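Content type mmCIF, C-alpha atoms, from the file entry_7.cif:
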data_final
loop_
_atom_site.label_atom_id
_atom_site.label_comp_id
_atom_site.auth_asym_id
_atom_site.auth_seq_id
_atom_site.Cartn_x
_atom_site.Cartn_y
_atom_site.Cartn_z
CA MET A 1 8.88 8.12 -16.53
CA PRO A 2 10.59 9.91 -13.57
CA MET A 3 7.34 11.69 -12.75
CA ARG A 4 5.48 8.37 -12.84
CA LYS A 5 8.01 6.90 -10.43
CA GLN A 6 7.53 9.80 -8.04
CA ILE A 7 3.78 9.20 -8.03
CA LEU A 8 4.48 5.79 -6.46
CA ASP A 9 6.07 7.57 -3.50
CA TYR A 10 3.04 9.85 -3.18
CA VAL A 11 0.69 6.83 -3.08
CA PHE A 12 2.43 3.91 -1.36
CA VAL A 13 4.37 5.81 1.31
CA PRO A 14 1.27 7.54 2.80
CA LEU A 15 -0.61 4.22 2.64
CA GLY A 16 2.17 2.48 4.55
CA LEU A 17 2.22 5.21 7.19
CA ILE A 18 -1.57 5.02 7.49
CA VAL A 19 -1.37 1.26 8.06
CA MET A 20 1.21 1.63 10.85
CA THR A 21 -0.39 4.62 12.58
CA GLY A 22 -3.87 3.13 12.21
CA TYR A 23 -2.77 -0.12 13.82
CA HIS A 24 -1.18 1.67 16.77
CA ALA A 25 -4.25 3.88 17.19
CA TRP A 26 -6.34 0.71 17.37
CA LEU A 27 -3.86 -0.80 19.85
CA PHE A 28 -4.03 2.30 22.04
CA TYR A 29 -7.82 2.05 22.09
CA ARG A 30 -7.67 -1.64 23.04
CA VAL A 31 -5.17 -1.02 25.83
CA MET A 32 -7.27 1.76 27.32
CA LYS A 33 -10.70 0.14 26.91
CA HIS A 34 -9.97 -3.60 27.01
CA PRO A 35 -6.55 -4.02 28.68
CA THR A 36 -7.04 -7.69 29.52
CA LYS A 37 -7.19 -8.45 25.80
CA THR A 38 -3.72 -7.02 25.12
CA VAL A 39 -0.27 -8.07 26.23
CA MET A 40 0.58 -4.54 27.37
CA GLY A 41 -2.54 -4.38 29.53
CA MET A 42 -1.96 -7.79 31.13
CA ASN A 43 1.68 -6.93 31.81
CA SER A 44 0.62 -3.67 33.41
CA ILE A 45 -1.74 -5.52 35.75
CA ASN A 46 0.94 -8.04 36.71
CA ARG A 47 3.54 -5.32 37.30
CA LYS A 48 1.15 -3.59 39.68
CA ILE A 49 0.65 -6.82 41.63
CA TRP A 50 4.40 -7.44 41.63
CA VAL A 51 5.15 -3.98 43.04
CA ARG A 52 2.62 -4.44 45.82
CA THR A 53 4.13 -7.83 46.68
CA MET A 54 7.68 -6.46 46.76
CA MET A 55 6.74 -3.52 48.98
CA GLU A 56 4.95 -5.70 51.54
CA ASP A 57 8.30 -7.14 52.64
CA PRO A 58 11.20 -5.10 51.21
CA VAL A 59 13.75 -6.77 53.52
CA ARG A 60 13.10 -10.18 51.99
CA ASN A 61 12.35 -9.02 48.44
CA GLY A 62 14.79 -6.10 48.20
CA VAL A 63 17.52 -7.95 46.31
CA LEU A 64 15.02 -9.45 43.86
CA SER A 65 13.39 -6.09 43.08
CA VAL A 66 16.70 -4.25 42.62
CA GLN A 67 18.04 -7.02 40.39
CA THR A 68 14.88 -6.89 38.29
CA PHE A 69 15.21 -3.14 37.79
CA ARG A 70 18.90 -3.58 37.01
CA ASN A 71 18.02 -5.96 34.18
CA ASN A 72 15.41 -3.54 32.83
CA ILE A 73 17.85 -0.64 32.97
CA MET A 74 20.46 -2.71 31.11
CA ALA A 75 17.92 -3.53 28.38
CA SER A 76 16.97 0.14 28.01
CA THR A 77 20.63 1.16 27.98
CA LEU A 78 21.37 -1.33 25.22
CA LEU A 79 18.55 0.00 23.05
CA ALA A 80 19.50 3.62 23.74
CA SER A 81 23.15 2.95 22.82
CA THR A 82 22.10 1.15 19.65
CA ALA A 83 19.75 3.99 18.69
CA ILE A 84 22.35 6.74 19.11
CA MET A 85 24.93 4.67 17.22
CA LEU A 86 22.55 4.15 14.30
CA SER A 87 21.66 7.85 14.39
CA SER A 88 25.33 8.69 13.93
CA LEU A 89 25.56 6.23 11.05
CA ILE A 90 22.54 7.74 9.31
CA ALA A 91 24.00 11.23 9.79
CA VAL A 92 27.15 10.07 7.99
CA LEU A 93 25.08 8.61 5.15
CA MET A 94 23.18 11.89 4.80
CA THR A 95 26.44 13.70 4.10
CA ASN A 96 27.10 11.28 1.22
CA THR A 97 23.61 11.34 -0.29
CA GLY A 98 24.81 12.37 -3.72
CA ARG A 99 27.25 9.49 -4.00
CA GLY A 100 24.65 6.97 -2.82
CA THR A 101 22.05 8.34 -5.25
CA SER A 102 24.33 7.98 -8.27
CA PHE A 103 25.10 4.39 -7.29
CA VAL A 104 21.42 3.56 -7.10
CA ARG A 105 20.72 5.19 -10.46
CA VAL A 106 23.43 3.20 -12.19
CA ASN A 107 22.28 -0.13 -10.78
CA GLY A 108 18.55 0.56 -11.12
CA MET A 109 17.75 -0.72 -7.64
CA VAL A 110 15.00 1.81 -6.88
CA TYR A 111 11.66 2.15 -8.66
CA GLY A 112 10.57 5.47 -7.27
CA ASP A 113 11.95 8.87 -6.40
CA THR A 114 15.76 8.80 -6.74
CA SER A 115 16.45 12.52 -6.41
CA GLU A 116 18.92 13.84 -3.86
CA LEU A 117 16.09 15.59 -2.02
CA GLY A 118 14.13 12.33 -1.87
CA PHE A 119 17.05 10.42 -0.39
CA SER A 120 17.65 13.20 2.13
CA ILE A 121 14.03 12.94 3.27
CA LYS A 122 14.33 9.15 3.60
CA TYR A 123 17.50 9.34 5.66
CA PHE A 124 16.07 12.12 7.80
CA ALA A 125 12.93 10.06 8.55
CA ILE A 126 15.07 7.13 9.68
CA LEU A 127 17.21 9.48 11.76
CA VAL A 128 14.12 10.84 13.52
CA CYS A 129 13.00 7.28 14.36
CA PHE A 130 16.31 6.43 16.00
CA LEU A 131 16.45 9.73 17.90
CA VAL A 132 12.93 9.13 19.22
CA ALA A 133 13.97 5.61 20.23
CA PHE A 134 16.97 7.05 22.09
CA LEU A 135 14.87 9.63 23.95
CA MET A 136 12.20 7.09 24.90
CA ASN A 137 14.74 4.65 26.29
CA VAL A 138 16.45 7.41 28.27
CA GLN A 139 13.10 8.24 29.85
CA SER A 140 12.62 4.55 30.58
CA ILE A 141 15.95 4.45 32.42
CA ARG A 142 14.87 7.52 34.39
CA TYR A 143 11.65 5.94 35.66
CA TYR A 144 13.27 2.59 36.40
CA SER A 145 15.99 4.35 38.40
CA HIS A 146 13.39 6.17 40.48
CA ALA A 147 11.36 3.00 41.00
CA SER A 148 14.43 1.03 42.14
CA ILE A 149 14.69 3.36 45.13
CA LEU A 150 11.00 3.75 45.86
CA ILE A 151 10.20 0.05 45.83
CA ASN A 152 12.42 -0.57 48.87
CA VAL A 153 10.43 1.84 51.03
CA PRO A 154 8.03 -0.14 53.26
CA CYS A 155 4.44 0.99 52.94
CA LYS A 156 3.96 0.99 56.74
CA PHE A 157 6.73 3.58 57.29
CA GLY A 158 5.40 6.36 55.11
CA SER A 159 2.65 7.71 52.94
CA LEU A 160 4.26 6.30 49.79
CA SER A 161 1.69 4.03 48.22
CA ALA A 162 2.19 1.03 45.99
CA GLU A 163 -0.01 2.78 43.41
CA TYR A 164 2.56 5.54 43.00
CA VAL A 165 5.49 3.12 42.63
CA ALA A 166 3.52 0.92 40.24
CA ARG A 167 2.74 3.98 38.15
CA ALA A 168 6.46 4.77 37.89
CA VAL A 169 7.24 1.17 36.89
CA ASN A 170 4.48 1.13 34.28
CA ARG A 171 5.67 4.43 32.83
CA GLY A 172 9.19 3.05 32.56
CA SER A 173 7.83 0.04 30.71
CA LEU A 174 5.66 2.30 28.53
CA PHE A 175 8.63 4.40 27.43
CA TRP A 176 10.61 1.23 26.76
CA SER A 177 7.77 -0.04 24.54
CA LEU A 178 7.61 3.29 22.71
CA GLY A 179 11.34 3.15 22.08
CA LEU A 180 11.00 -0.37 20.72
CA ARG A 181 8.10 0.75 18.48
CA ALA A 182 10.38 3.44 17.07
CA PHE A 183 12.79 0.68 16.05
CA TYR A 184 9.88 -1.15 14.40
CA PHE A 185 8.94 2.00 12.49
CA SER A 186 12.49 2.24 11.15
CA PHE A 187 12.15 -1.01 9.17
CA PRO A 188 9.59 0.31 6.63
CA LEU A 189 11.47 3.60 6.42
CA PHE A 190 14.71 1.77 5.75
CA LEU A 191 13.09 -0.23 2.94
CA TRP A 192 11.79 3.06 1.56
CA ILE A 193 15.39 3.65 0.41
CA PHE A 194 14.83 0.81 -2.08
CA GLY A 195 11.48 2.16 -3.21
CA PRO A 196 7.94 2.86 -1.98
CA ILE A 197 6.59 -0.59 -2.87
CA PRO A 198 8.90 -2.50 -0.44
CA MET A 199 8.09 0.11 2.19
CA PHE A 200 4.34 -0.44 1.82
CA PHE A 201 4.52 -4.24 1.95
CA CYS A 202 6.85 -4.08 4.95
CA SER A 203 4.33 -1.86 6.76
CA VAL A 204 1.49 -4.31 6.09
CA PHE A 205 3.59 -7.31 7.15
CA LEU A 206 4.79 -5.53 10.28
CA ALA A 207 1.22 -4.62 11.27
CA PHE A 208 0.15 -8.28 11.01
CA LEU A 209 3.22 -9.42 12.95
CA LEU A 210 2.68 -6.89 15.74
CA TYR A 211 -0.96 -7.94 16.01
CA PHE A 212 0.03 -11.43 17.11
CA LEU A 213 2.62 -9.98 19.50
CA ASP A 214 0.27 -7.43 21.07
CA VAL A 215 -3.02 -9.33 21.42
CA SER A 216 -3.54 -11.55 24.46
CA PHE A 217 -5.43 -14.77 23.79
CA ASP A 218 -5.51 -15.88 27.46
CA TRP A 219 -7.97 -13.31 28.77
CA GLY A 220 -10.90 -15.72 28.45
CA VAL A 221 -9.79 -17.71 31.49
CA MET A 222 -10.89 -14.80 33.69
CA ASP A 223 -14.48 -14.45 34.75
CA GLY A 224 -16.51 -11.35 34.01
CA SER A 225 -16.17 -9.64 37.39
CA ASN A 226 -12.41 -10.06 37.57
CA GLU A 227 -12.06 -8.84 34.01
CA ARG A 228 -13.99 -5.65 34.76
CA ASN A 229 -11.97 -4.99 37.91
CA THR A 230 -8.64 -5.48 36.18
CA GLU A 231 -9.68 -3.29 33.25
CA GLU A 232 -10.60 -0.45 35.62
CA CYS A 233 -7.34 -0.94 37.49
CA THR A 234 -5.22 -0.93 34.36
CA CYS A 235 -6.87 2.14 32.83
CA ARG A 236 -5.62 4.11 35.82
CA SER A 237 -2.09 2.71 35.92
CA VAL A 238 -1.13 1.81 32.36
CA VAL A 239 -0.19 5.41 31.60
#

Before we go any further, please render this structure as structure tokens.
Amino acid sequence: MPMRKQILDYVFVPLGLIVMTGYHAWLFYRVMKHPTKTVMGMNSINRKIWVRTMMEDPVRNGVLSVQTFRNNIMASTLLASTAIMLSSLIAVLMTNTGRGTSFVRVNGMVYGDTSELGFSIKYFAILVCFLVAFLMNVQSIRYYSHASILINVPCKFGSLSAEYVARAVNRGSLFWSLGLRAFYFSFPLFLWIFGPIPMFFCSVFLAFLLYFLDVSFDWGVMDGSNERNTEECTCRSVV
């Protein structure tokens, strides 16, 4: 029976990871090839327009731009602080893996691998997710901090172009999105503690949920020429 339970981990856990990675591979392809059909692509286009508008008159729009970056930095700081706090909590749980494993065995809460090595792997996977989320949000703060200075430089007084500033803003947003995706990835891994079957169903549910959050259904209002122009524009600035 224990060996049969371990087989569930060998089957359902890779399937769940394939579902999540496959969805994000598809999303990456859509963002790069058809940006106007995704929320990330449309937001990238609008951020580029916003940066150009702010830099045309930094005296009038300076306070608005700095306040906007301040809000973004606060959001990234909140996620980074949460990620490092959860990483510390998981590290504490990893030191008590044996105690947690015996509790689960007595109560029969897990139908899968309940060995100490298995629980260590589960906790370590969650820890990696939170550490990645922390690093991505720190990079987001870095780019937003740079952009908050650059956006107040008038285009007519230097060679600094709006394309360069927009690229910095989009990269800050990209790292923020990657940090948030790391939090999303932690949900299936957390349910893996209670068995591979909950982990697999959580991965499938999360992929469907993210689809409705990532796909833009308003792209059809644009005509064909504008759509092609914005797609070419976004492919250069989204990353």

Judged by all atoms listed in the file, the minimum distance to Ala91 of chain A among A:Val128, A:Ile18, A:Ile45, A:Leu79 is found for A:Val128

If you count all atoms listed in the file, the residue of A:Met55, A:Ser177, A:Tyr184, A:Gly16 closest to Val39 of chain A turns out to be A:Ser177

Going by the chain IDs and residue numbers used in this file, which residues fall under the PyMOL selection byres ((chain A and resi 21-32) around 12)? Write them as a VMD selection string. chain A and resid 14 to 20 33 to 45 174 177 to 178 181 to 182 184 to 185 203 to 216 230 to 239

Here is a test: counting only C-alpha atoms, which residue of A:Ile141, A:Ile193, A:Met199, A:Met74 is nearest to Val169 of chain A?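 Looking at the shortest contact to Val169 of chain A, the residue is A:Ile141.
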
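For the structure in this document, the set picked by the PyMOL selection byres ((chain A and resi 186) around 9) is Ala125, Ile126, Leu127, Cys129, Phe130, Arg181, Ala182, Phe183, Tyr184, Phe185, Phe187, Pro188, Leu189, Phe190 and Leu191 of chain A.
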
Please write as a list in words the full residue list that the PyMOL selection byres ((chain A and resi 175) around 9) yields on this file.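 Listing what the PyMOL selection byres ((chain A and resi 175) around 9) selects in the shown file: Leu135, Met136, Asn137, Val138, Gln139, Ser140, Ile141, Tyr143, Asn170, Arg171, Gly172, Ser173, Leu174, Trp176, Ser177, Leu178, Gly179 and Leu180 of chain A.
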
Here is a test: counting only C-alpha atoms, which residue of A:Phe134, A:Phe119, A:Thr53, A:Thr114 is nearest to Ser81 of chain A?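 Between A:Phe134, A:Phe119, A:Thr53, A:Thr114, the residue approaching Ser81 of chain A most closely is A:Phe134.
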
Report as JSON, numbers by chain all protein, DNA and RNA residues lying within 12 Å of Arg70 of chain A, evaluated on all atoms listed in the file, omitting residues in the same chain fewer than 2 positions from it. {"A": [63, 64, 65, 66, 67, 68, 72, 73, 74, 75, 76, 77, 141, 144, 145, 146, 147, 148, 149]}
